[in-house]
Amino acid sequence: MANIISTSKIEFEYHIKQEQTKLFAKNLFAEAYQDIDRLSEVFDNTSISNRNLCVPISFFENDTSFENRNNVFIKNALKYSIKAIEECLEKASVKKEDITDIIYISSTGLSTPSLDALIINEMKLNPYINRLPIWGLGCAGGVSGVAKAEKFANSNPDAKIIVLAVELCSLTFIRNDLSKSNFIATSLFSDGIGCILITGNNYKNNKPDIKIISSQSRLYFDALDVMGWEFLDTGFKVVFSRDIPTIIKDNVKQDIDRFLNNNNLKIPDIKNFIFHPGGKKVIKAYKDSLCLEDKDLRYTSDVLNKYGNMSSVTAFYVLNEFINNGFENGYGLMLSLGPGFSSEMVLMKMEN
C-alpha cells in the first residue's frame with residue numbers, strides 16, 4: 001500500500017493582490033471593450049484575494065515571444081522545483097539518493113529533455129531513477145500523478161517517490177490576445193509548484209498516517225472543447241467553457257458515487273474533501289451536487305483565496321493545508337477535473 005509521507009509548496013516572491021491584477025487587465029483590455037468596468041467586476045467575484053506569481057507583473061507590460069516565456073518557465077521551474085523537493089525530503093528525513101521514482105506533471109511549459117531530467121542532473125539524484133513525465137492533463141494532472149505513484153509503490157514496498165507538479169500559468173499569458181477567454185483567465189490563474197513524497201510499505205513514518213487506497217480516472221465523451229490549449233505561433237491560448245460548473249453538477253456526483261461504491265463507501269463516509277477549487281462557481285457546484293457545507297471545503301476555498309487557480313498544483317496545496325492544519329480521522333477524497341473533459345480521484349485513509 002502507498003503512503004503519503006510529506007508535502008511542500010512554493011511561496012513565490014511576487015505574491016500580489018487581486019486588485020493589482022484587476023488594474024493591469026483593465027488597462028490592457030480597455031481598448032477592446034467599451035464596458036471594461038463592468039467586465040472587470042469578474043475579478044471581484046472570484047473569491048481570490050492574492051495571486052502567486054513567479055515573475056513581477058511588470059514582466060507582462062511588454063510583448064514577449066513564446067520562446068522567451070518558455071525559457072523563463074524552464075529557469076524558474078528548475079530553481080523552485082529543486083527547492084520544493086529538498087523541503088519535502090527534509091520533512092521526511094529522506095536522503096535524495098534514496099529516491100526511486102520521480103513523477104513530473106505540467107501543462108504550462110515545454111522542455112525536452114523533460115524537467116525531471118534537468119532536476120536529476122542538477123541534484124545528482126540516482127541516475128537509475130524511474131522517471132514518468134506527465135504533460136497535458138491540466139488541472140487534473142496532480143491527482144493523476146498521485147494515482148500513478150500508488151501503482152509504483154504497490155509494486156515496490158521500498159519505493160520512495162517524488163510527485164512534482166509545476167504550473168507557471170502566468171507565463172502562458174499572450175499580451176496581444178484581447179479575447180474574453182484570455183480576460184477571464186487573467187482573473188483566475190497563477191503559479192505554483194508542489195511536491196509530495198509517497199512511499200511503499202517498508203518506510204516507517206512517525207507522522208500522520210495517510211494511505212492511498214484506490215483511484216479512478218474518467219473521460220467524458222464529446223467534451224474535448226470544454227478546457228485546454230489552442231497552440232498558436234504566439235504561445236498557449238487558453239480554452240475553457242462557461243459550462244464547466246454545469247458539467248460538474250450533472251456528472252461528478254454519480255462518478256463519485258460509483259467510485260465510492262466500488263470501495264464499499266458512500267459520500268457521508270468521507271471526512272476530508274481534498275478538492276481542486278477550479279473557481280468560485282466550481283466550488284458552489286461541488287457543494288450543491290454533493291450537499292456539502294462550507295466547512296467541508298474550507299481548505300479548498302482558502303487555497304483559491306490565497307493563491308488563485310494554479311492548475312494541477314492546486315490540489316497539492318489543498319492537501320498541504322490538511323496535513324499542516326489538521327484533518328479528521330477517516331477517509332479522504334482527492335479530486336480534480338481537467339481537459340478532455342476528465343476527472344481524477346484518489347481515495348485515502350487518514351489517521352492522526
# chains A, B, ... in the order shown; residues from 1 in each chain; ligands from 1
>>> select_by_dssp(residues="range 142-281 of chain A", states="alpha helix (DSSP H)", output="VMD selection string")
chain A and resid 142 to 155 180 to 188 244 to 262 280 to 281
>>> residues_around(residues="range 194-203 of chain A", least_positions_apart="4", cutoff="7 Å", atoms="only C-alpha atoms", output="NGL selection string")
:A and (1-10 or 84-85 or 88 or 149 or 153-154 or 156-166 or 313 or 316-317)
>>> residues_around(residues="Phe327 in chain A", least_positions_apart="2", cutoff="8 Å", atoms="only C-alpha atoms", output="PDB file with C-alpha atoms, in the first residue's frame")
ATOM      1  CA  ASN A 272     -11.805  15.102   4.257  1.00  0.00           C
ATOM      2  CA  PHE A 322      -4.899  19.316   5.560  1.00  0.00           C
ATOM      3  CA  ILE A 323      -1.507  17.949   6.649  1.00  0.00           C
ATOM      4  CA  ASN A 325      -3.602  22.407   9.804  1.00  0.00           C
ATOM      5  CA  ASN A 329      -9.552  10.659  11.162  1.00  0.00           C
ATOM      6  CA  MET A 350      -6.146   9.328   7.064  1.00  0.00           C
ATOM      7  CA  ASN A 352      -3.505  11.249  13.131  1.00  0.00           C
TER       8      ASN A 352
END
>>> closest_residue(among="A:Phe231, A:Phe259, A:Tyr307, A:Tyr220", to="Phe341 in chain A", atoms="only C-alpha atoms")
A:Tyr220
>>> residues_around(residues="range 175-180 of chain A", least_positions_apart="2", cutoff="7 Å", atoms="only C-alpha atoms", output="PDB file with N, CA and C atoms, in the first residue's frame")
ATOM      1  N   PHE A  29      -6.929  45.717 -21.536  1.00  0.00           N
ATOM      2  CA  PHE A  29      -8.076  45.322 -22.350  1.00  0.00           C
ATOM      3  C   PHE A  29      -9.039  46.476 -22.641  1.00  0.00           C
ATOM      4  N   ALA A  32     -10.205  47.260 -26.187  1.00  0.00           N
ATOM      5  CA  ALA A  32     -11.026  46.259 -26.884  1.00  0.00           C
ATOM      6  C   ALA A  32     -12.475  46.242 -26.407  1.00  0.00           C
ATOM      7  N   PHE A  60       4.741  41.471 -17.785  1.00  0.00           N
ATOM      8  CA  PHE A  60       3.713  41.313 -18.807  1.00  0.00           C
ATOM      9  C   PHE A  60       3.307  42.635 -19.465  1.00  0.00           C
ATOM     10  N   ASP A  63       5.237  43.042 -24.911  1.00  0.00           N
ATOM     11  CA  ASP A  63       5.124  41.789 -25.654  1.00  0.00           C
ATOM     12  C   ASP A  63       6.403  40.976 -25.507  1.00  0.00           C
ATOM     13  N   PHE A 173       0.475  33.655 -20.622  1.00  0.00           N
ATOM     14  CA  PHE A 173      -0.318  34.837 -20.977  1.00  0.00           C
ATOM     15  C   PHE A 173       0.183  35.448 -22.277  1.00  0.00           C
ATOM     16  N   ASN A 182      -9.277  35.087 -22.561  1.00  0.00           N
ATOM     17  CA  ASN A 182      -7.990  35.494 -22.002  1.00  0.00           C
ATOM     18  C   ASN A 182      -8.194  36.471 -20.854  1.00  0.00           C
ATOM     19  N   PHE A 183      -9.197  37.342 -20.984  1.00  0.00           N
ATOM     20  CA  PHE A 183      -9.505  38.288 -19.902  1.00  0.00           C
ATOM     21  C   PHE A 183      -9.938  37.533 -18.645  1.00  0.00           C
ATOM     22  N   ILE A 184     -10.824  36.557 -18.810  1.00  0.00           N
ATOM     23  CA  ILE A 184     -11.288  35.770 -17.668  1.00  0.00           C
ATOM     24  C   ILE A 184     -10.127  34.997 -17.048  1.00  0.00           C
TER      25      ILE A 184
END
>>> atom_distance(atom1="CA of Met123 in chain A", atom2="CA of Phe73 in chain A")
18.5 Å
>>> residues_around(residues="Gln216 in chain A", least_positions_apart="2", cutoff="10 Å", atoms="only C-alpha atoms", output="count of residues only")
16
>>> select_by_dssp(residues="range 176-321 of chain A", states="strand (DSSP E)", output="count of residues only")
38
>>> atom_distance(atom1="CA of Val252 in chain A", atom2="CA of Asp269 in chain A")
16.9 Å
>>> residues_around(residues="Ala77 in chain A", least_positions_apart="2", cutoff="8 Å", atoms="only C-alpha atoms", output="list in words")
Phe73, Ile74, Lys75, Lys79, Tyr80, Ser81, Leu115, Val166, Leu168 and Ile193 of chain A
>>> write_last_selection(atoms="N, CA and C atoms", output="mmCIF file, in the first residue's frame")
data_model
loop_
_atom_site.group_PDB
_atom_site.id
_atom_site.type_symbol
_atom_site.label_atom_id
_atom_site.label_comp_id
_atom_site.auth_asym_id
_atom_site.auth_seq_id
_atom_site.Cartn_x
_atom_site.Cartn_y
_atom_site.Cartn_z
ATOM 1 N N PHE A 73 10.123 29.982 -18.075
ATOM 2 C CA PHE A 73 9.487 28.832 -17.426
ATOM 3 C C PHE A 73 10.545 27.823 -16.979
ATOM 4 N N ILE A 74 11.424 27.421 -17.879
ATOM 5 C CA ILE A 74 12.422 26.396 -17.558
ATOM 6 C C ILE A 74 13.316 26.856 -16.413
ATOM 7 N N LYS A 75 13.752 28.109 -16.467
ATOM 8 C CA LYS A 75 14.652 28.637 -15.431
ATOM 9 C C LYS A 75 13.989 28.613 -14.061
ATOM 10 N N LYS A 79 14.644 25.921 -10.770
ATOM 11 C CA LYS A 79 15.097 26.505 -9.495
ATOM 12 C C LYS A 79 14.149 26.154 -8.349
ATOM 13 N N TYR A 80 12.862 26.410 -8.554
ATOM 14 C CA TYR A 80 11.909 26.248 -7.454
ATOM 15 C C TYR A 80 11.471 24.797 -7.262
ATOM 16 N N SER A 81 11.555 23.983 -8.297
ATOM 17 C CA SER A 81 11.266 22.556 -8.129
ATOM 18 C C SER A 81 12.286 21.911 -7.204
ATOM 19 N N LEU A 115 11.639 18.265 -17.662
ATOM 20 C CA LEU A 115 12.197 18.942 -16.490
ATOM 21 C C LEU A 115 12.750 17.961 -15.468
ATOM 22 N N VAL A 166 4.305 21.245 -11.498
ATOM 23 C CA VAL A 166 4.877 22.560 -11.804
ATOM 24 C C VAL A 166 3.968 23.264 -12.804
ATOM 25 N N LEU A 168 3.342 27.184 -14.119
ATOM 26 C CA LEU A 168 3.592 28.623 -14.135
ATOM 27 C C LEU A 168 2.630 29.223 -15.162
ATOM 28 N N ILE A 193 4.173 25.521 -7.454
ATOM 29 C CA ILE A 193 4.970 24.299 -7.541
ATOM 30 C C ILE A 193 4.766 23.534 -6.236
#
>>> closest_residue(among="A:Asp37, A:Asp191, A:Asp116, A:Glu293", to="Asn50 in chain A", atoms="only C-alpha atoms")
A:Asp191
>>> residues_around(residues="Asp225 in chain A", least_positions_apart="6", cutoff="9 Å", atoms="only C-alpha atoms", output="ChimeraX atom specification")
/A:239-241,339-341
>>> closest_residue(among="A:Tyr331, A:Tyr128, A:Phe275, A:Trp229", to="Ile212 in chain A", atoms="only C-alpha atoms")
A:Tyr331
>>> atom_distance(atom1="CA of Ala223 in chain A", atom2="CA of Ala140 in chain A")
14.8 Å
>>> closest_residue(among="A:Gly279, A:Leu171, A:Lys237, A:Ser312", to="Tyr104 in chain A", atoms="only C-alpha atoms")
A:Ser312
